[in-house]
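Q: Take a look at this one; I'll ask things after.
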Amino acid sequence: MPENSRANAAPAPSANSEDAPSPANEAGENETARAAAGNETPGNEATGNEAANAGKTDEVVKDGDHAKQSAAAASSESETAAGNAPAPSQKNDPAGNEAPSPTDPSLPRVGRKIEDFTLRDFRGAEHSLSDYADAPVVVVAFLGTECPLAKLYAPRLASLADEFRDRHVQFLGIVSNSQDSVTEMEHYARVHGINFPLLKDAGNVIADRFRAIRTPEVFLLDSERRVRYWGRVDDQYGIGEDYANFARSEPRRRDLAVAIEEVLSGRQVSVPVTPATGCHIGRIREVDETSDVTWSRQISRLFQRHCQECHRPTQIAPFPLLTYEDTIGWGAMIQEVVRQRRMPPWHADPQYGEFVNEALLTDEEMALIDAWVEAGCPEGDPAELPPPRQFVEGWQIPHPDQVVYMSEKPFTVPAEGIVEYQWFEVDPGFTEDKWIKAVEARPGNPAVVHHVTVYYKPPFADWSLKLGARINLLGGYSPGKRPVNAPSWHNMARYVPAGSKFIFEMHYTPNGTEQQDRSSIALMFADPSEVEKQLSVVIVANTEFEIPPGDPNYRVDAWYEFDEDSYLYAMSPHMHLRGKSFLFEAIYPDGTKEILLRIPRFDFNWQTDYMLTDPKPMPEGTRMHCVAYYDNSEDNLSNPDPTVPVRWGDQTWDEMMIGALAIAPMNQNIRLGIGKPPQVNASYHLFTFTILVGGGIGATCLLVIAWLVRRWLVLRHRSAGQPRAPESVG
């Protein structure tokens, strides 16, 4: 889960200055400005009056019938999830005026008094707000059992409950999602260590009375049970104004903790409203049974094509979308991420190139989803359903010859925080040269493995990961990525010399509970007599840049010249957290230019290989021009530190500028002995080191040595002849 422009955000006090005052009306006005610009999603907006009048409103929210009425008796609200103001409800008040939706962001939250209510927890025990009359502060957190952010913040809320327990602050969790069962609530509470009551809000009655919109979303009630704070727990995780997820190594401001301290100290809350990003509460919706667009007729088929590869059990998506029952409660969230083009994850500009693995919804498909949600997500006639999609649970490449695991023991993924890239070196035991015609990387635990990249390290190469040389690529995995068997890729293979080691690059995303992973890669060997072309990956990189502090639009260029007629099969950009956009442009020998791939909103969370439907001829002398832009300003919410200059480095707080190209010689036929013999990229790291140490006589000597080593390796492989046919390895 990146725009080229970001709106200015109101500065928040740092974690070291939590008590620094911030005028309430200023905070409210800043949040309103964001909402008006359409830069925040519902639940992030507040009015200036709301913040300015915090603690002054005398409106009372009553719940005379408690909240145990059935879902059928609950009010049915119409909401939208476009990232702007939700649509008002269609029901009218006694005077005949249209009543606003409880999710309308223009309605006040802060300052309202919440009257007593009673709900049951997942064990059936009743809990009333009045049970905690002696608590000077009550924190009410709206949660969901499947929402990724609600999973990440559940342990943090439990930690905050412990932190303030001796000061008699009471925490209450409320689950208002229609799709969350009490069994799922029990599992959620147990897995995430929730140590406060977790209550079921049947029919989203209490969510409506609080005017809650998302999960996780917190309301802080003072001793009079007036809302003094509304919004997020802190600012570590969220969704930026460019609709990209961000995750900081630690929060810059503990908003809820600061608000609790201020109320306990008898002060006004300095920032009473903050943006609460997360999943929409799955409210009961009024269904239009006359709608032509239904789950059974159109939406189920659309989800089979675009969603279910990830949205099924044991895969990386947070909830399944296989059946109609799976979709209940997720309509507003689905509509939002589709409208914002956050899902399906595809970042290429559709104006350029055709790709085998394109995951882009058409305008017509988006309109169908929009119409379905606006109609209340009707099921339709189940007789119109297509057969369930069948998924290959084992290896998707046929009959792997060998499976190589990243390590002997699993790696432990922590429950939360940022996990830096992990590297594992393993010996596949190659005693002879291998031709590899198909690979498939598989995550051991798809729930936390975001992507896997596997390289090979030749035995005679001075190969160092720290220098960032990654041209000996075998393959990888990313969510939704499937082995591609395009006709244009036939009769090609990767050449791996005997004695090579495998390097696994692992990117993990915590999901709220500690997990284990042991990923692997499967290999299919080719008979050398059938191989016509050697598939290689070359790097178009620039390691000599320095992004100035605060620069919102820093440009870095890199070039690669094709030294022979070649076919281009795939492209893949790689940057880190400050990456903003990326462009691949071919400049042909006659001077004409062609944009092959444009990524207008680069998202570090989605590392995608863009595989061309048909190979692109690259005549000798063609120059590949890669252009990357970076945002090192404070407006980039993913930025680890906008006050420092940024250079090349492996860690995510450093940066990289890499454009990877999958290519093969156009005039090569190894089987017939035509063209170049198989080659190994063995001296790239020496060359990279030469670049890093800079100019001078020493650098020149190293460059000469690198060239001599490369020449010796080429001659060695030419004299060795063609590699032998590998034996089948089980």
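Please note that chains go A, B, ... in the order of the structure tokens, that every chain numbers its residues from 1, and that ligands are numbered from 1 in the order shown.
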Output as a list in words all residues of segment 316-410 of chain A that backbone DSSP marks as strand (DSSP E or B).

A: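 Selection result, strand (DSSP E or B) within segment 316-410 of chain A: Phe355, Gln402, Val403, Val404 and Tyr405 of chain A.
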
Q: For the residues in the current selection, export N, CA, C and O atoms as a PDB file, in the first residue's frame.

A:
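Output below, filename selection-v5.pdb:
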```
ATOM      1  N   PHE A 355       1.240  -4.886 -19.070  1.00  0.00           N
ATOM      2  CA  PHE A 355       1.944  -5.769 -18.162  1.00  0.00           C
ATOM      3  C   PHE A 355       1.133  -7.032 -17.863  1.00  0.00           C
ATOM      4  O   PHE A 355      -0.089  -6.968 -17.666  1.00  0.00           O
ATOM      5  N   GLN A 402      14.043 -28.751  -6.400  1.00  0.00           N
ATOM      6  CA  GLN A 402      14.691 -28.520  -5.114  1.00  0.00           C
ATOM      7  C   GLN A 402      13.992 -27.371  -4.406  1.00  0.00           C
ATOM      8  O   GLN A 402      13.552 -26.413  -5.045  1.00  0.00           O
ATOM      9  N   VAL A 403      13.894 -27.466  -3.088  1.00  0.00           N
ATOM     10  CA  VAL A 403      13.351 -26.398  -2.254  1.00  0.00           C
ATOM     11  C   VAL A 403      14.436 -25.978  -1.272  1.00  0.00           C
ATOM     12  O   VAL A 403      15.013 -26.824  -0.579  1.00  0.00           O
ATOM     13  N   VAL A 404      14.708 -24.692  -1.236  1.00  0.00           N
ATOM     14  CA  VAL A 404      15.748 -24.157  -0.357  1.00  0.00           C
ATOM     15  C   VAL A 404      15.092 -23.215   0.650  1.00  0.00           C
ATOM     16  O   VAL A 404      14.380 -22.281   0.261  1.00  0.00           O
ATOM     17  N   TYR A 405      15.329 -23.466   1.941  1.00  0.00           N
ATOM     18  CA  TYR A 405      14.772 -22.634   3.007  1.00  0.00           C
ATOM     19  C   TYR A 405      15.766 -21.551   3.410  1.00  0.00           C
ATOM     20  O   TYR A 405      16.982 -21.707   3.278  1.00  0.00           O
TER      21      TYR A 405
END
```

Q: Give me the residues near Gln179 of chain A as a PyMOL selection string, where near means some atom within 6 Å (using only C-alpha atoms) and where sequence neighbours in that chain fewer than 2 positions away do not count.

A: chain A and resi 177+328-329

Q: Tell me, as number ranges by chain, which residues lie within 10 Å of Leu523 of chain A, counting only C-alpha atoms; anything in the same chain fewer than 4 positions away does not count.

A: A: 397-404, 435-441, 474-475, 729

Q: Write out as JSON, numbers by chain each polymer residue whose atoms come within 12 Å of Pro428 of chain A, counting only C-alpha atoms; drop sequence neighbours fewer than 5 positions from it.

A: {"A": [401, 402, 403, 404, 405, 406, 407, 433, 434, 455, 456, 457, 458, 496, 497, 498, 499, 500, 501, 502, 503, 504, 520, 521, 522, 523, 729]}

Q: Determine the nearest neighbour of Arg518 of chain A from the options A:His451, A:His490, A:Arg442, A:Arg232, counting only C-alpha atoms.

A: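 Answer, going by the shortest atom-to-atom distance: A:Arg442.
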
Q: Tell me which protein, DNA and RNA residues are within 7 Å of Asn632 of chain A, counting only C-alpha atoms, leaving out same-chain ones fewer than 5 positions away, and put them as a PyMOL selection string.

A: chain A and resi 549-552+578+639+642

Q: Could you name the residues that touch Asp565 of chain A at 8 Å or less, counting only C-alpha atoms, but leaving out those on the same chain fewer than 2 positions away, as a list in words?

A: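 Non-adjacent residues within range: Phe562, Asp563, Tyr567, Pro617, Met618, Pro619, Glu620, Pro665, Met666 and Asn667 of chain A.
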
Q: Can you spit out the residues from that selection as a compact mmCIF listing (two decimals), in the first residue's frame, using C-alpha atoms?

A:
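Output saved as result.txt:
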```txt
# COMPACT_ATOMS: atom_id res chain seq x y z
CA PHE A 562 22.65 -1.66 -23.74
CA ASP A 563 25.89 -3.04 -25.17
CA TYR A 567 14.97 -7.92 -25.14
CA PRO A 617 13.38 -4.77 -28.23
CA MET A 618 16.27 -2.63 -26.96
CA PRO A 619 18.74 -2.03 -29.85
CA GLU A 620 22.43 -1.81 -29.04
CA PRO A 665 20.40 -11.02 -25.59
CA MET A 666 18.29 -10.71 -28.71
CA ASN A 667 20.70 -12.68 -30.92
```

Q: For each of A:Phe411, A:Tyr495, A:Trp330, A:Phe604, take the minimum atom-to-atom distance to Asp180 of chain A, counting only C-alpha atoms, then give the residue where this is smallest.

A: A:Trp330

Q: Closest to Ser566 of chain A among A:Lys533, A:Arg601, A:Arg211, A:Arg671, using only C-alpha atoms?

A: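 With only C-alpha atoms as the atom set, the closest residue is A:Lys533.
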
Q: With distances taken over only C-alpha atoms, which residue among A:Pro345, A:Pro446, A:Gly376, A:Glu594 lies nearest Gln607 of chain A?

A: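 Under the stated criterion, the closest residue is A:Pro345.
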
Q: Taking into account only C-alpha atoms, which residue in the set A:Leu612, A:Val531, A:Leu143, A:Ala247 is nearest to Glu420 of chain A?

A: A:Ala247

Q: What's around segment 540-546 of chain A at 8 Å? Count only C-alpha atoms, leave out sequence neighbours fewer than 5 positions away in its own chain, and write the answer as an mmCIF file with N, CA and C atoms, in the first residue's frame.

A:
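The resulting file, result.cif, is shown below:
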```
data_model
loop_
_atom_site.group_PDB
_atom_site.id
_atom_site.type_symbol
_atom_site.label_atom_id
_atom_site.label_comp_id
_atom_site.auth_asym_id
_atom_site.auth_seq_id
_atom_site.Cartn_x
_atom_site.Cartn_y
_atom_site.Cartn_z
ATOM 1 N N VAL A 556 17.059 12.412 -8.624
ATOM 2 C CA VAL A 556 18.265 11.608 -8.826
ATOM 3 C C VAL A 556 18.105 10.875 -10.158
ATOM 4 N N ASP A 557 19.154 10.896 -11.002
ATOM 5 C CA ASP A 557 19.126 10.247 -12.309
ATOM 6 C C ASP A 557 20.134 9.105 -12.355
ATOM 7 N N ALA A 558 19.835 8.096 -13.155
ATOM 8 C CA ALA A 558 20.768 6.998 -13.396
ATOM 9 C C ALA A 558 20.597 6.533 -14.834
ATOM 10 N N TRP A 559 21.686 5.978 -15.414
ATOM 11 C CA TRP A 559 21.689 5.591 -16.824
ATOM 12 C C TRP A 559 22.256 4.188 -16.979
ATOM 13 N N TYR A 560 21.773 3.509 -18.010
ATOM 14 C CA TYR A 560 22.352 2.223 -18.409
ATOM 15 C C TYR A 560 22.293 2.144 -19.929
ATOM 16 N N MET A 624 18.912 3.439 -21.135
ATOM 17 C CA MET A 624 17.791 3.447 -20.197
ATOM 18 C C MET A 624 18.035 4.556 -19.184
ATOM 19 N N CYS A 626 16.675 6.367 -15.890
ATOM 20 C CA CYS A 626 15.806 6.246 -14.720
ATOM 21 C C CYS A 626 15.839 7.554 -13.941
ATOM 22 N N PRO A 645 20.560 15.102 6.149
ATOM 23 C CA PRO A 645 20.798 14.716 4.758
ATOM 24 C C PRO A 645 20.763 13.208 4.625
ATOM 25 N N VAL A 646 20.359 12.716 3.458
ATOM 26 C CA VAL A 646 20.168 11.282 3.271
ATOM 27 C C VAL A 646 21.033 10.815 2.107
ATOM 28 N N ARG A 647 21.752 9.702 2.340
ATOM 29 C CA ARG A 647 22.630 9.135 1.324
ATOM 30 C C ARG A 647 22.261 7.674 1.098
ATOM 31 N N TRP A 648 22.987 7.045 0.180
ATOM 32 C CA TRP A 648 22.786 5.627 -0.132
ATOM 33 C C TRP A 648 23.067 4.770 1.093
ATOM 34 N N MET A 656 17.961 4.357 -1.385
ATOM 35 C CA MET A 656 18.521 3.705 -2.556
ATOM 36 C C MET A 656 17.864 4.290 -3.806
ATOM 37 N N MET A 657 18.568 4.160 -4.913
ATOM 38 C CA MET A 657 18.019 4.548 -6.208
ATOM 39 C C MET A 657 18.383 3.432 -7.174
ATOM 40 N N ILE A 658 17.433 2.513 -7.383
ATOM 41 C CA ILE A 658 17.689 1.331 -8.210
ATOM 42 C C ILE A 658 16.535 1.134 -9.185
ATOM 43 N N GLY A 659 16.890 0.944 -10.438
ATOM 44 C CA GLY A 659 15.939 0.472 -11.434
ATOM 45 C C GLY A 659 16.431 -0.862 -11.958
ATOM 46 N N ALA A 660 15.726 -1.937 -11.668
ATOM 47 C CA ALA A 660 16.148 -3.271 -12.092
ATOM 48 C C ALA A 660 15.503 -3.620 -13.429
ATOM 49 N N LEU A 661 16.292 -4.230 -14.315
ATOM 50 C CA LEU A 661 15.827 -4.625 -15.645
ATOM 51 C C LEU A 661 16.073 -6.113 -15.850
ATOM 52 N N ILE A 691 33.231 2.927 -6.900
ATOM 53 C CA ILE A 691 32.413 4.141 -6.901
ATOM 54 C C ILE A 691 32.376 4.769 -5.516
ATOM 55 N N LEU A 692 32.225 3.922 -4.491
ATOM 56 C CA LEU A 692 32.038 4.433 -3.148
ATOM 57 C C LEU A 692 33.300 5.088 -2.600
#
```

Q: Which one is closest to His187 of chain A: A:Pro387, A:Gly144, A:Gly417, A:Pro510? Count only C-alpha atoms.

A: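 Selected residue with least distance to His187 of chain A: A:Gly144.
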
Q: Could you pull out all residues of segment 467-692 of chain A with a DSSP call of helix (DSSP H, G or I) and give them as a list in words?

A: Leu467, Pro487, Ser488, Trp489, Pro528, Ser529, Glu530, Ile670, Arg671, Leu672, Tyr684, His685, Leu686, Phe687, Thr688, Phe689, Thr690, Ile691 and Leu692 of chain A

Q: Atom CA of Tyr237 of chain A to atom CA of Thr277 of chain A: how many Å, to one decimal?

A: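 These two atoms are separated by 8.6 Å.
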